[in-house]
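Visitor: So here's run04.pdb (PDB, C-alpha atoms (C1' of nucleotides) and all ligand atoms).
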```pdb
ATOM      1  CA  MET V 147     151.667 115.457  76.110
ATOM      2  CA  LYS V 148     151.903 112.492  78.442
ATOM      3  CA  GLY V 149     154.390 113.881  80.948
ATOM      4  CA  GLU V 150     152.328 117.011  81.426
ATOM      5  CA  ILE V 151     149.169 115.024  81.948
ATOM      6  CA  ASP V 152     150.733 112.727  84.513
ATOM      7  CA  LYS V 153     151.934 115.766  86.396
ATOM      8  CA  LYS V 154     148.417 117.176  86.521
ATOM      9  CA  LEU V 155     147.052 113.880  87.745
ATOM     10  CA  LYS V 156     149.694 113.471  90.421
ATOM     11  CA  GLN V 157     149.128 117.034  91.601
ATOM     12  CA  ARG V 158     145.622 115.875  92.455
ATOM     13  CA  ASN V 159     146.761 112.615  94.020
ATOM     14  CA  ILE V 160     145.421 110.533  91.182
ATOM     15  CA  LYS V 161     147.510 107.598  90.094
ATOM     16  CA  PRO V 162     148.116 108.040  86.383
ATOM     17  CA  THR V 163     146.852 105.020  84.468
ATOM     18  CA  ALA V 164     146.468 104.696  80.711
ATOM     19  CA  MET V 165     142.700 105.144  80.938
ATOM     20  CA  ARG V 166     143.005 108.248  83.041
ATOM     21  CA  GLU V 167     145.550 109.808  80.764
ATOM     22  CA  LEU V 168     143.244 109.253  77.814
ATOM     23  CA  VAL V 169     140.179 110.670  79.507
ATOM     24  CA  TYR V 170     142.132 113.666  80.715
ATOM     25  CA  GLU V 171     143.444 114.249  77.216
ATOM     26  CA  VAL V 172     139.944 114.227  75.758
ATOM     27  CA  LEU V 173     138.704 116.724  78.322
ATOM     28  CA  ASP V 174     141.736 118.897  77.767
ATOM     29  CA  LYS V 175     141.680 119.083  74.008
ATOM     30  CA  ASN V 176     137.948 119.743  73.743
ATOM     31  CA  LYS V 177     137.163 123.304  74.625
ATOM     32  CA  LYS V 178     133.688 122.495  75.846
ATOM     33  CA  ALA V 179     132.116 120.417  78.594
ATOM     34  CA  LEU V 180     131.512 116.788  77.643
ATOM     35  CA  SER V 181     129.009 114.201  78.746
ATOM     36  CA  LEU V 182     129.933 110.641  79.633
ATOM     37  CA  TYR V 183     128.472 109.537  76.327
ATOM     38  CA  GLU V 184     130.395 112.133  74.352
ATOM     39  CA  ILE V 185     133.627 111.049  75.975
ATOM     40  CA  GLU V 186     132.809 107.432  75.216
ATOM     41  CA  GLN V 187     132.313 108.333  71.552
ATOM     42  CA  GLN V 188     135.852 109.606  71.266
ATOM     43  CA  PHE V 189     137.234 106.129  71.861
ATOM     44  CA  ASP V 190     136.839 102.891  70.041
ATOM     45  CA  ASN V 191     136.557 100.236  72.688
ATOM     46  CA  VAL V 192     136.439 101.778  76.101
ATOM     47  CA  GLU V 193     134.024 100.737  78.780
ATOM     48  CA  ARG V 194     131.422 103.266  79.827
ATOM     49  CA  SER V 195     131.674 102.179  83.444
ATOM     50  CA  THR V 196     135.404 102.676  83.447
ATOM     51  CA  ILE V 197     135.032 106.190  82.141
ATOM     52  CA  PHE V 198     132.281 106.753  84.664
ATOM     53  CA  ARG V 199     134.528 105.738  87.525
ATOM     54  CA  THR V 200     137.412 107.694  86.097
ATOM     55  CA  LEU V 201     135.265 110.809  86.061
ATOM     56  CA  LYS V 202     134.173 110.114  89.604
ATOM     57  CA  THR V 203     137.779 109.874  90.710
ATOM     58  CA  PHE V 204     138.614 113.087  88.885
ATOM     59  CA  GLN V 205     135.712 114.896  90.443
ATOM     60  CA  ASP V 206     136.410 113.636  93.946
ATOM     61  CA  ASN V 207     139.862 115.111  93.612
ATOM     62  CA  PHE V 208     138.761 118.413  92.070
ATOM     63  CA  LEU V 209     140.434 117.788  88.766
ATOM     64  CA  ILE V 210     137.106 118.258  87.003
ATOM     65  CA  HIS V 211     133.713 119.687  87.867
ATOM     66  CA  SER V 212     130.307 118.608  86.641
ATOM     67  CA  ILE V 213     127.589 120.723  85.075
ATOM     68  CA  ASP V 214     123.947 119.821  84.959
ATOM     69  CA  ASP V 215     122.708 121.848  82.030
ATOM     70  CA  GLY V 216     119.251 120.337  81.950
ATOM     71  CA  THR V 217     119.791 118.326  78.781
ATOM     72  CA  GLY V 218     119.539 115.080  80.711
ATOM     73  CA  ALA V 219     123.210 114.190  80.669
ATOM     74  CA  VAL V 220     125.669 115.639  83.146
ATOM     75  CA  LYS V 221     128.690 117.237  81.514
ATOM     76  CA  TYR V 222     132.259 117.503  82.744
ATOM     77  CA  ALA V 223     135.047 120.020  82.306
ATOM     78  CA  LEU V 224     138.522 120.501  83.705
ATOM     79  CA  CYS V 225     138.882 122.650  86.792
ATOM     80  CA  ASP V 226     141.304 125.528  86.868
ATOM     81  CA  GLU V 227     144.608 124.993  88.607
ATOM     82  CA  GLY V 228     144.171 125.064  92.362
ATOM     83  CA  CYS V 229     140.393 124.865  92.219
ATOM     84  CA  THR V 230     138.703 123.221  95.170
ATOM     85  CA  CYS V 231     135.168 123.701  93.895
ATOM     86  CA  ASP V 232     134.420 125.981  96.817
ATOM     87  CA  PRO V 233     131.743 128.632  96.406
ATOM     88  CA  ASP V 234     134.518 131.058  95.478
ATOM     89  CA  ASP V 235     135.737 128.828  92.664
ATOM     90  CA  LEU V 236     132.376 128.464  90.949
ATOM     91  CA  HIS V 237     131.660 130.009  87.588
ATOM     92  CA  VAL V 238     128.675 130.343  85.303
ATOM     93  CA  HIS V 239     128.011 127.900  82.449
ATOM     94  CA  TYR V 240     126.379 128.508  79.122
ATOM     95  CA  LEU V 241     124.257 126.071  77.129
ATOM     96  CA  CYS V 242     123.528 126.886  73.505
ATOM     97  CA  ASN V 243     119.967 125.874  72.716
ATOM     98  CA  LYS V 244     120.896 125.349  69.092
ATOM     99  CA  CYS V 245     124.165 123.423  68.979
ATOM    100  CA  GLY V 246     123.725 121.926  72.441
ATOM    101  CA  GLN V 247     127.265 122.737  73.461
ATOM    102  CA  THR V 248     127.969 123.728  77.023
ATOM    103  CA  HIS V 249     130.829 126.049  77.852
ATOM    104  CA  CYS V 250     132.523 127.187  81.021
ATOM    105  CA  LEU V 251     132.428 130.943  81.460
ATOM    106  CA  ARG V 252     135.532 130.741  83.587
ATOM    107  CA  ASP V 253     135.866 134.447  84.148
ATOM    108  CA  MET V 254     132.288 134.822  85.279
ATOM    109  CA  PRO V 255     132.019 133.863  88.943
ATOM    110  CA  VAL V 256     128.696 132.715  90.336
ATOM    111  CA  PRO V 257     127.310 135.728  92.205
ATOM    112  CA  LYS V 258     126.950 135.376  95.948
ATOM    113  CA  MET V 259     123.298 135.703  96.752
ATOM    114  CA  GLU V 260     121.969 137.069 100.005
ATOM    115  CA  LEU V 261     120.091 133.980 101.118
ATOM    116  CA  PRO V 262     117.251 133.864 103.624
ATOM    117  CA  GLN V 263     118.248 133.723 107.298
ATOM    118  CA  ASP V 264     120.043 130.494 108.254
ATOM    119  CA  PHE V 265     120.421 129.134 104.729
ATOM    120  CA  SER V 266     124.024 128.198 103.994
ATOM    121  CA  PHE V 267     125.746 128.484 100.638
ATOM    122  CA  GLU V 268     127.739 125.325  99.938
ATOM    123  CA  SER V 269     127.628 125.215  96.163
ATOM    124  CA  ALA V 270     125.622 126.318  93.160
ATOM    125  CA  ASN V 271     124.756 125.454  89.582
ATOM    126  CA  PHE V 272     124.150 128.456  87.370
ATOM    127  CA  VAL V 273     123.452 127.680  83.731
ATOM    128  CA  VAL V 274     122.515 130.404  81.270
ATOM    129  CA  LYS V 275     120.812 129.276  78.079
ATOM    130  CA  GLY V 276     120.495 130.951  74.711
ATOM    131  CA  ILE V 277     122.118 131.026  71.295
ATOM    132  CA  CYS V 278     125.891 131.129  71.170
ATOM    133  CA  SER V 279     127.930 133.388  68.918
ATOM    134  CA  ASN V 280     128.640 130.473  66.610
ATOM    135  CA  CYS V 281     124.990 129.653  65.997
ATOM    136  CA  LYS V 282     123.695 133.189  65.793
TER     137      LYS V 282
ATOM    138  CA  MET Z  22      88.928 125.151  96.647
ATOM    139  CA  LYS Z  23      87.719 123.822  93.348
ATOM    140  CA  GLY Z  24      86.273 127.037  91.931
ATOM    141  CA  GLU Z  25      89.504 128.890  92.590
ATOM    142  CA  ILE Z  26      91.564 126.193  90.942
ATOM    143  CA  ASP Z  27      89.401 126.071  87.844
ATOM    144  CA  LYS Z  28      89.765 129.811  87.559
ATOM    145  CA  LYS Z  29      93.559 129.541  87.639
ATOM    146  CA  LEU Z  30      93.503 126.843  85.011
ATOM    147  CA  LYS Z  31      91.161 128.755  82.731
ATOM    148  CA  GLN Z  32      93.272 131.883  83.082
ATOM    149  CA  ARG Z  33      96.025 129.853  81.436
ATOM    150  CA  ASN Z  34      93.750 128.354  78.791
ATOM    151  CA  ILE Z  35      93.854 124.929  80.359
ATOM    152  CA  LYS Z  36      90.652 122.964  80.354
ATOM    153  CA  PRO Z  37      89.953 121.998  83.967
ATOM    154  CA  THR Z  38      89.662 118.243  84.249
ATOM    155  CA  ALA Z  39      89.545 116.215  87.443
ATOM    156  CA  MET Z  40      93.151 115.122  87.022
ATOM    157  CA  ARG Z  41      94.381 118.638  86.451
ATOM    158  CA  GLU Z  42      92.541 119.984  89.443
ATOM    159  CA  LEU Z  43      94.136 117.332  91.624
ATOM    160  CA  VAL Z  44      97.650 117.938  90.348
ATOM    161  CA  TYR Z  45      97.249 121.666  90.728
ATOM    162  CA  GLU Z  46      96.009 121.196  94.261
ATOM    163  CA  VAL Z  47      99.041 119.104  95.191
ATOM    164  CA  LEU Z  48     101.426 121.689  93.791
ATOM    165  CA  ASP Z  49      99.554 124.470  95.528
ATOM    166  CA  LYS Z  50      99.346 123.000  98.998
ATOM    167  CA  ASN Z  51     102.973 121.877  99.097
ATOM    168  CA  LYS Z  52     105.213 124.810  99.683
ATOM    169  CA  LYS Z  53     108.126 123.239  97.866
ATOM    170  CA  ALA Z  54     108.930 122.081  94.359
ATOM    171  CA  LEU Z  55     107.893 118.495  93.630
ATOM    172  CA  SER Z  56     109.173 115.857  91.275
ATOM    173  CA  LEU Z  57     106.949 113.739  89.073
ATOM    174  CA  TYR Z  58     107.533 110.838  91.421
ATOM    175  CA  GLU Z  59     106.703 112.872  94.510
ATOM    176  CA  ILE Z  60     103.467 114.019  92.961
ATOM    177  CA  GLU Z  61     102.635 110.450  92.020
ATOM    178  CA  GLN Z  62     103.164 109.410  95.645
ATOM    179  CA  GLN Z  63     100.477 111.778  96.837
ATOM    180  CA  PHE Z  64      97.814 109.805  95.008
ATOM    181  CA  ASP Z  65      96.653 106.253  95.255
ATOM    182  CA  ASN Z  66      96.015 105.124  91.721
ATOM    183  CA  VAL Z  67      97.045 107.755  89.268
ATOM    184  CA  GLU Z  68      99.018 107.070  86.148
ATOM    185  CA  ARG Z  69     102.536 108.457  85.982
ATOM    186  CA  SER Z  70     102.112 109.252  82.306
ATOM    187  CA  THR Z  71      98.935 111.179  82.948
ATOM    188  CA  ILE Z  72     100.652 113.298  85.553
ATOM    189  CA  PHE Z  73     103.572 113.701  83.186
ATOM    190  CA  ARG Z  74     101.348 115.015  80.445
ATOM    191  CA  THR Z  75      99.454 117.181  82.868
ATOM    192  CA  LEU Z  76     102.711 118.780  83.970
ATOM    193  CA  LYS Z  77     103.692 119.271  80.356
ATOM    194  CA  THR Z  78     100.429 121.053  79.647
ATOM    195  CA  PHE Z  79     100.874 123.195  82.740
ATOM    196  CA  GLN Z  80     104.391 124.119  81.754
ATOM    197  CA  ASP Z  81     103.523 124.865  78.143
ATOM    198  CA  ASN Z  82     101.011 127.363  79.438
ATOM    199  CA  PHE Z  83     103.256 128.906  82.091
ATOM    200  CA  LEU Z  84     101.199 127.692  84.992
ATOM    201  CA  ILE Z  85     104.255 125.958  86.418
ATOM    202  CA  HIS Z  86     107.990 126.065  85.875
ATOM    203  CA  SER Z  87     110.511 123.281  86.170
ATOM    204  CA  ILE Z  88     113.713 123.209  88.174
ATOM    205  CA  ASP Z  89     116.649 120.945  87.541
ATOM    206  CA  ASP Z  90     118.336 120.843  90.901
ATOM    207  CA  GLY Z  91     120.857 118.191  89.985
ATOM    208  CA  THR Z  92     119.276 115.415  92.039
ATOM    209  CA  GLY Z  93     118.331 113.549  88.895
ATOM    210  CA  ALA Z  94     114.641 114.307  88.932
ATOM    211  CA  VAL Z  95     113.197 117.528  87.583
ATOM    212  CA  LYS Z  96     110.958 119.346  90.027
ATOM    213  CA  TYR Z  97     107.967 121.551  89.418
ATOM    214  CA  ALA Z  98     106.444 124.547  91.165
ATOM    215  CA  LEU Z  99     103.626 126.952  90.475
ATOM    216  CA  CYS Z 100     104.474 130.138  88.639
ATOM    217  CA  ASP Z 101     103.484 133.502  89.999
ATOM    218  CA  GLU Z 102     100.427 135.173  88.566
ATOM    219  CA  GLY Z 103     101.197 136.621  85.145
ATOM    220  CA  CYS Z 104     104.521 134.830  84.798
ATOM    221  CA  THR Z 105     105.620 134.047  81.278
ATOM    222  CA  CYS Z 106     108.904 132.419  82.261
ATOM    223  CA  ASP Z 107     110.813 135.171  80.477
ATOM    224  CA  PRO Z 108     114.301 136.018  81.683
ATOM    225  CA  ASP Z 109     112.731 138.726  83.833
ATOM    226  CA  ASP Z 110     110.430 136.269  85.549
ATOM    227  CA  LEU Z 111     113.164 133.859  86.606
ATOM    228  CA  HIS Z 112     114.139 133.413  90.220
ATOM    229  CA  VAL Z 113     116.765 131.490  92.135
ATOM    230  CA  HIS Z 114     116.088 128.062  93.627
ATOM    231  CA  TYR Z 115     117.503 126.467  96.713
ATOM    232  CA  LEU Z 116     118.242 122.792  97.265
ATOM    233  CA  CYS Z 117     118.914 121.605 100.792
ATOM    234  CA  ASN Z 118     121.645 118.998 100.724
ATOM    235  CA  LYS Z 119     120.257 117.427 103.871
ATOM    236  CA  CYS Z 120     116.484 117.150 103.479
ATOM    237  CA  GLY Z 121     116.601 117.231  99.691
ATOM    238  CA  GLN Z 122     113.819 119.775  99.461
ATOM    239  CA  THR Z 123     113.911 122.385  96.740
ATOM    240  CA  HIS Z 124     112.358 125.776  97.257
ATOM    241  CA  CYS Z 125     111.595 128.737  95.066
ATOM    242  CA  LEU Z 126     113.283 131.918  96.223
ATOM    243  CA  ARG Z 127     110.575 133.932  94.527
ATOM    244  CA  ASP Z 128     111.846 137.309  95.601
ATOM    245  CA  MET Z 129     115.361 136.604  94.386
ATOM    246  CA  PRO Z 130     115.556 137.243  90.642
ATOM    247  CA  VAL Z 131     118.201 135.523  88.577
ATOM    248  CA  PRO Z 132     120.887 138.163  88.028
ATOM    249  CA  LYS Z 133     121.425 139.295  84.456
ATOM    250  CA  MET Z 134     124.939 138.375  83.520
ATOM    251  CA  GLU Z 135     127.033 140.298  81.051
ATOM    252  CA  LEU Z 136     127.571 137.503  78.562
ATOM    253  CA  PRO Z 137     130.333 137.301  75.985
ATOM    254  CA  GLN Z 138     129.724 139.150  72.705
ATOM    255  CA  ASP Z 139     126.866 137.687  70.663
ATOM    256  CA  PHE Z 140     125.617 135.261  73.288
ATOM    257  CA  SER Z 141     121.901 135.661  73.908
ATOM    258  CA  PHE Z 142     120.115 135.190  77.212
ATOM    259  CA  GLU Z 143     116.965 133.163  76.703
ATOM    260  CA  SER Z 144     116.633 131.446  80.032
ATOM    261  CA  ALA Z 145     118.615 130.269  83.023
ATOM    262  CA  ASN Z 146     118.699 127.750  85.825
ATOM    263  CA  PHE Z 147     120.293 128.986  89.024
ATOM    264  CA  VAL Z 148     120.263 126.550  91.914
ATOM    265  CA  VAL Z 149     122.002 127.318  95.182
ATOM    266  CA  LYS Z 150     122.771 124.363  97.421
ATOM    267  CA  GLY Z 151     123.442 124.166 101.124
ATOM    268  CA  ILE Z 152     121.673 123.436 104.399
ATOM    269  CA  CYS Z 153     118.291 125.017 104.933
ATOM    270  CA  SER Z 154     117.148 126.724 108.123
ATOM    271  CA  ASN Z 155     115.092 123.690 109.039
ATOM    272  CA  CYS Z 156     118.002 121.270 108.869
ATOM    273  CA  LYS Z 157     120.587 123.517 110.422
TER     274      LYS Z 157
ATOM    275  C1'  DG H 252      69.751 113.698  70.424
ATOM    276  C1'  DA H 253      72.754 110.956  67.459
ATOM    277  C1'  DA H 254      76.904 111.076  64.941
ATOM    278  C1'  DA H 255      81.312 112.934  64.262
ATOM    279  C1'  DT H 256      85.158 114.954  66.199
ATOM    280  C1'  DA H 257      88.568 116.356  69.364
ATOM    281  C1'  DC H 258      90.677 115.818  73.714
ATOM    282  C1'  DA H 259      92.157 113.281  77.897
ATOM    283  C1'  DT H 260      93.401 109.159  80.219
ATOM    284  C1'  DG H 261      95.255 104.419  81.212
ATOM    285  C1'  DC H 262      98.305 100.873  80.145
ATOM    286  C1'  DA H 263     102.350  99.022  78.514
ATOM    287  C1'  DA H 264     106.432  99.289  76.399
ATOM    288  C1'  DC H 265     110.684 101.668  75.535
ATOM    289  C1'  DA H 266     114.728 105.002  75.691
ATOM    290  C1'  DG H 267     118.458 107.293  77.838
ATOM    291  C1'  DT H 268     121.451 107.919  81.555
ATOM    292  C1'  DA H 269     123.510 106.599  85.723
ATOM    293  C1'  DT H 270     125.101 103.077  88.829
ATOM    294  C1'  DT H 271     126.530  98.658  90.911
ATOM    295  C1'  DG H 272     128.308  93.576  91.750
ATOM    296  C1'  DC H 273     131.561  90.699  90.628
ATOM    297  C1'  DA H 274     135.388  88.577  88.585
ATOM    298  C1'  DA H 275     139.576  89.181  85.981
ATOM    299  C1'  DA H 276     143.706  91.865  85.181
ATOM    300  C1'  DG H 277     147.413  94.783  86.640
ATOM    301  C1'  DG H 278     150.532  96.842  89.742
ATOM    302  C1'  DT H 279     153.309  97.160  94.363
ATOM    303  C1'  DG H 280     155.923  95.766  97.943
ATOM    304  C1'  DT H 281     157.839  91.650 100.716
TER     305       DT H 281
ATOM    306  C1'  DA B 288     156.697  83.801  93.953
ATOM    307  C1'  DC B 289     153.269  85.557  97.058
ATOM    308  C1'  DA B 290     149.892  88.479  99.308
ATOM    309  C1'  DC B 291     147.614  92.738  98.885
ATOM    310  C1'  DC B 292     145.323  96.615  96.819
ATOM    311  C1'  DT B 293     143.681  99.113  92.818
ATOM    312  C1'  DT B 294     141.831  99.357  88.352
ATOM    313  C1'  DT B 295     139.333  97.615  84.565
ATOM    314  C1'  DG B 296     135.778  94.958  81.808
ATOM    315  C1'  DC B 297     131.433  92.974  81.523
ATOM    316  C1'  DA B 298     126.855  92.393  82.612
ATOM    317  C1'  DA B 299     122.995  93.479  84.941
ATOM    318  C1'  DT B 300     120.042  96.770  87.090
ATOM    319  C1'  DA B 301     117.851 101.198  88.710
ATOM    320  C1'  DC B 302     115.764 105.348  87.850
ATOM    321  C1'  DT B 303     113.615 108.913  85.299
ATOM    322  C1'  DG B 304     111.458 110.402  81.404
ATOM    323  C1'  DT B 305     108.822 109.545  77.105
ATOM    324  C1'  DT B 306     105.869 107.474  73.535
ATOM    325  C1'  DG B 307     102.232 104.418  70.849
ATOM    326  C1'  DC B 308      98.058 102.885  70.996
ATOM    327  C1'  DA B 309      93.495 101.712  72.580
ATOM    328  C1'  DT B 310      89.865 103.299  75.325
ATOM    329  C1'  DG B 311      87.039 106.608  77.515
ATOM    330  C1'  DT B 312      85.033 111.244  77.967
ATOM    331  C1'  DA B 313      83.709 115.698  76.543
ATOM    332  C1'  DT B 314      82.441 118.939  72.803
ATOM    333  C1'  DT B 315      80.780 120.241  68.385
ATOM    334  C1'  DT B 316      78.065 119.562  64.295
ATOM    335  C1'  DC B 317      74.216 118.293  62.023
TER     336       DC B 317
HETATM  337 MN    MN V 401     132.920 124.999  84.187
HETATM  338 MN    MN V 402     110.598 128.490  91.293
HETATM  339 ZN    ZN V 403     125.631 127.150  69.588
HETATM  340 ZN    ZN V 404     116.761 121.028 104.612
END
```
Would you put the structure from the file into structure tokens?

Guide:
Amino acid sequence: MKGEIDKKLKQRNIKPTAMRELVYEVLDKNKKALSLYEIEQQFDNVERSTIFRTLKTFQDNFLIHSIDDGTGAVKYALCDEGCTCDPDDLHVHYLCNKCGQTHCLRDMPVPKMELPQDFSFESANFVVKGICSNCK
Amino acid sequence: MKGEIDKKLKQRNIKPTAMRELVYEVLDKNKKALSLYEIEQQFDNVERSTIFRTLKTFQDNFLIHSIDDGTGAVKYALCDEGCTCDPDDLHVHYLCNKCGQTHCLRDMPVPKMELPQDFSFESANFVVKGICSNCK
DNA sequence: GAAATACATGCAACAGTATTGCAAAGGTGT
DNA sequence: ACACCTTTGCAATACTGTTGCATGTATTTC
């Protein structure tokens, strides 16, 4: 509910506006990662660019993270409490090749790879693809 | 040289045409993964769509694999000999946030994750991002 | 070798997604 | 009320990927 959402936004130093509350709500109630277009579809008359900038604000403040699952559209999902999107906060994502849904595997951290000499590890995108339990 | 290239193409059941030889050569001599646009830039008057379809043919026959590194453009690199792009053939990729180059870490296999019950592992895209040794 | 056939290429148009400029609207503090 | 800053709406644009169709080139069939 609204009070809860505003609290989450303020925790991340994001001024709670009507738009932002709505976008947050959509991300929160869906249990999967959503693309800009999918978010847009859940409203009647909301501007794509406004949602776009809302997502940018969210991401800049680590309220959400983005996933590039290779489908052409970047998807977004809420971060866990206290997440700063550091290497230690990263988890694996799963794209179902059948239903096209992308899910956060929040309890599956991205493994730290032993990189070649003098290569730094700043972030990572690890997407596993297959058929999900629902589509099996 | 040309004979070698034709051999590689034929090994993958790809009819060696002039175009295909040229595209293969570009991918082979560059030691990094290239986007469609970057490949296009290495020629004077070659059609984007022709290169596109050439890459598609290459990929369908496991001569190359594609990498979505999150920069917006898919990149392509030669597969190892005998690769069938199965889960066992997959390796990690590295994107340098500074120079923008993407490299295959061919000796770093994508780790097999223990997925949730009834989720299958068909393929994966694992991109590590940071600063490469060159840009350090 | 000519005709028929299949395959490859070039050109142009289009689709999907992401991004920006700019003006109007809304909020905040004086 | 006013000045100031942020957010939103609208429109236009950029960028990448993809397709239809006509033409050209190779391969097969007779
Ligand atoms: Mn996630
Ligand atoms: Mn590779
Ligand atoms: Zn599914
Ligand atoms: Zn670099």

Visitor: Return as a ChimeraX atom specification the residues belonging to chain Z that are within 7 Å of chain V, counting all atoms listed in the file.

Guide: /Z:89,91,139-154

Visitor: In Å, rounded to a single decimal, give me how far atom CA of V:Lys154 is from atom CA of V:Ala223.

Guide: 14.3 Å

Visitor: Taking the file as shown, what set of residues would the PyMOL selection byres (((chain B and resi 313) around 9) and not hetatm) give back, as an MDAnalysis selection string?

Guide: (chainID H and resid 257:259) or (chainID B and resid 312 314)

Visitor: Which neighbours of stretch 303-307 of chain B fall inside 12 Å, counting all atoms listed in the file, when residues of the same chain fewer than 2 positions from it are skipped, and could you give them as a PyMOL selection string?

Guide: (chain V and resi 217-219) or (chain Z and resi 56-58+69-74+77+92-96) or (chain H and resi 262-269) or (chain B and resi 301+309)

Visitor: At most 12 Å from (83.5, 111.0, 64.6), file frame, all atoms listed in the file: which residues, as a PDB file with C-alpha atoms (C1' of nucleotides), in the coordinates of the input?

Guide:
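Below is the file result13.pdb, written as the result:
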```pdb
ATOM      1  C1'  DA H 253      72.754 110.956  67.459  1.00  0.00           C
ATOM      2  C1'  DA H 254      76.904 111.076  64.941  1.00  0.00           C
ATOM      3  C1'  DA H 255      81.312 112.934  64.262  1.00  0.00           C
ATOM      4  C1'  DT H 256      85.158 114.954  66.199  1.00  0.00           C
ATOM      5  C1'  DA H 257      88.568 116.356  69.364  1.00  0.00           C
TER       6       DA H 257
ATOM      7  C1'  DT B 314      82.441 118.939  72.803  1.00  0.00           C
ATOM      8  C1'  DT B 315      80.780 120.241  68.385  1.00  0.00           C
ATOM      9  C1'  DT B 316      78.065 119.562  64.295  1.00  0.00           C
TER      10       DT B 316
END
```

Visitor: Expressed in Å to a single decimal, how great is the separation between atom CA of Z:Met40 and atom C1' of B:DC308?

Guide: 20.8 Å

Visitor: Could you tell me which residues the PyMOL selection byres (((chain H and resi 281) around 12) and not hetatm) returns for this structure, as a list in words?

Guide: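 Evaluating the PyMOL selection byres (((chain H and resi 281) around 12) and not hetatm) on these coordinates yields DT279 and DG280 of chain H; DA288, DC289, DA290 and DC291 of chain B.
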
Visitor: Given the file shown, enumerate the residues that the PyMOL selection byres ((chain B) within 9 of (chain V and not hetatm)) captures and present them as a list in words.

Guide: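 On the file shown, the PyMOL selection byres ((chain B) within 9 of (chain V and not hetatm)) covers DT294, DT295, DG296 and DC297 of chain B.
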
Visitor: Could you check which of Z:Lys119, Z:His112, Z:Lys53, Z:Arg41 is closest to chain H, using all atoms listed in the file?

Guide: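 With all atoms listed in the file as the atom set, the closest residue is Z:Arg41.
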
Visitor: By how many Å are atom CA of Z:Met22 and atom CA of Z:Val44 apart?

Guide: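 Straight-line distance from atom CA of Z:Met22 to atom CA of Z:Val44 works out to 13.0 Å.
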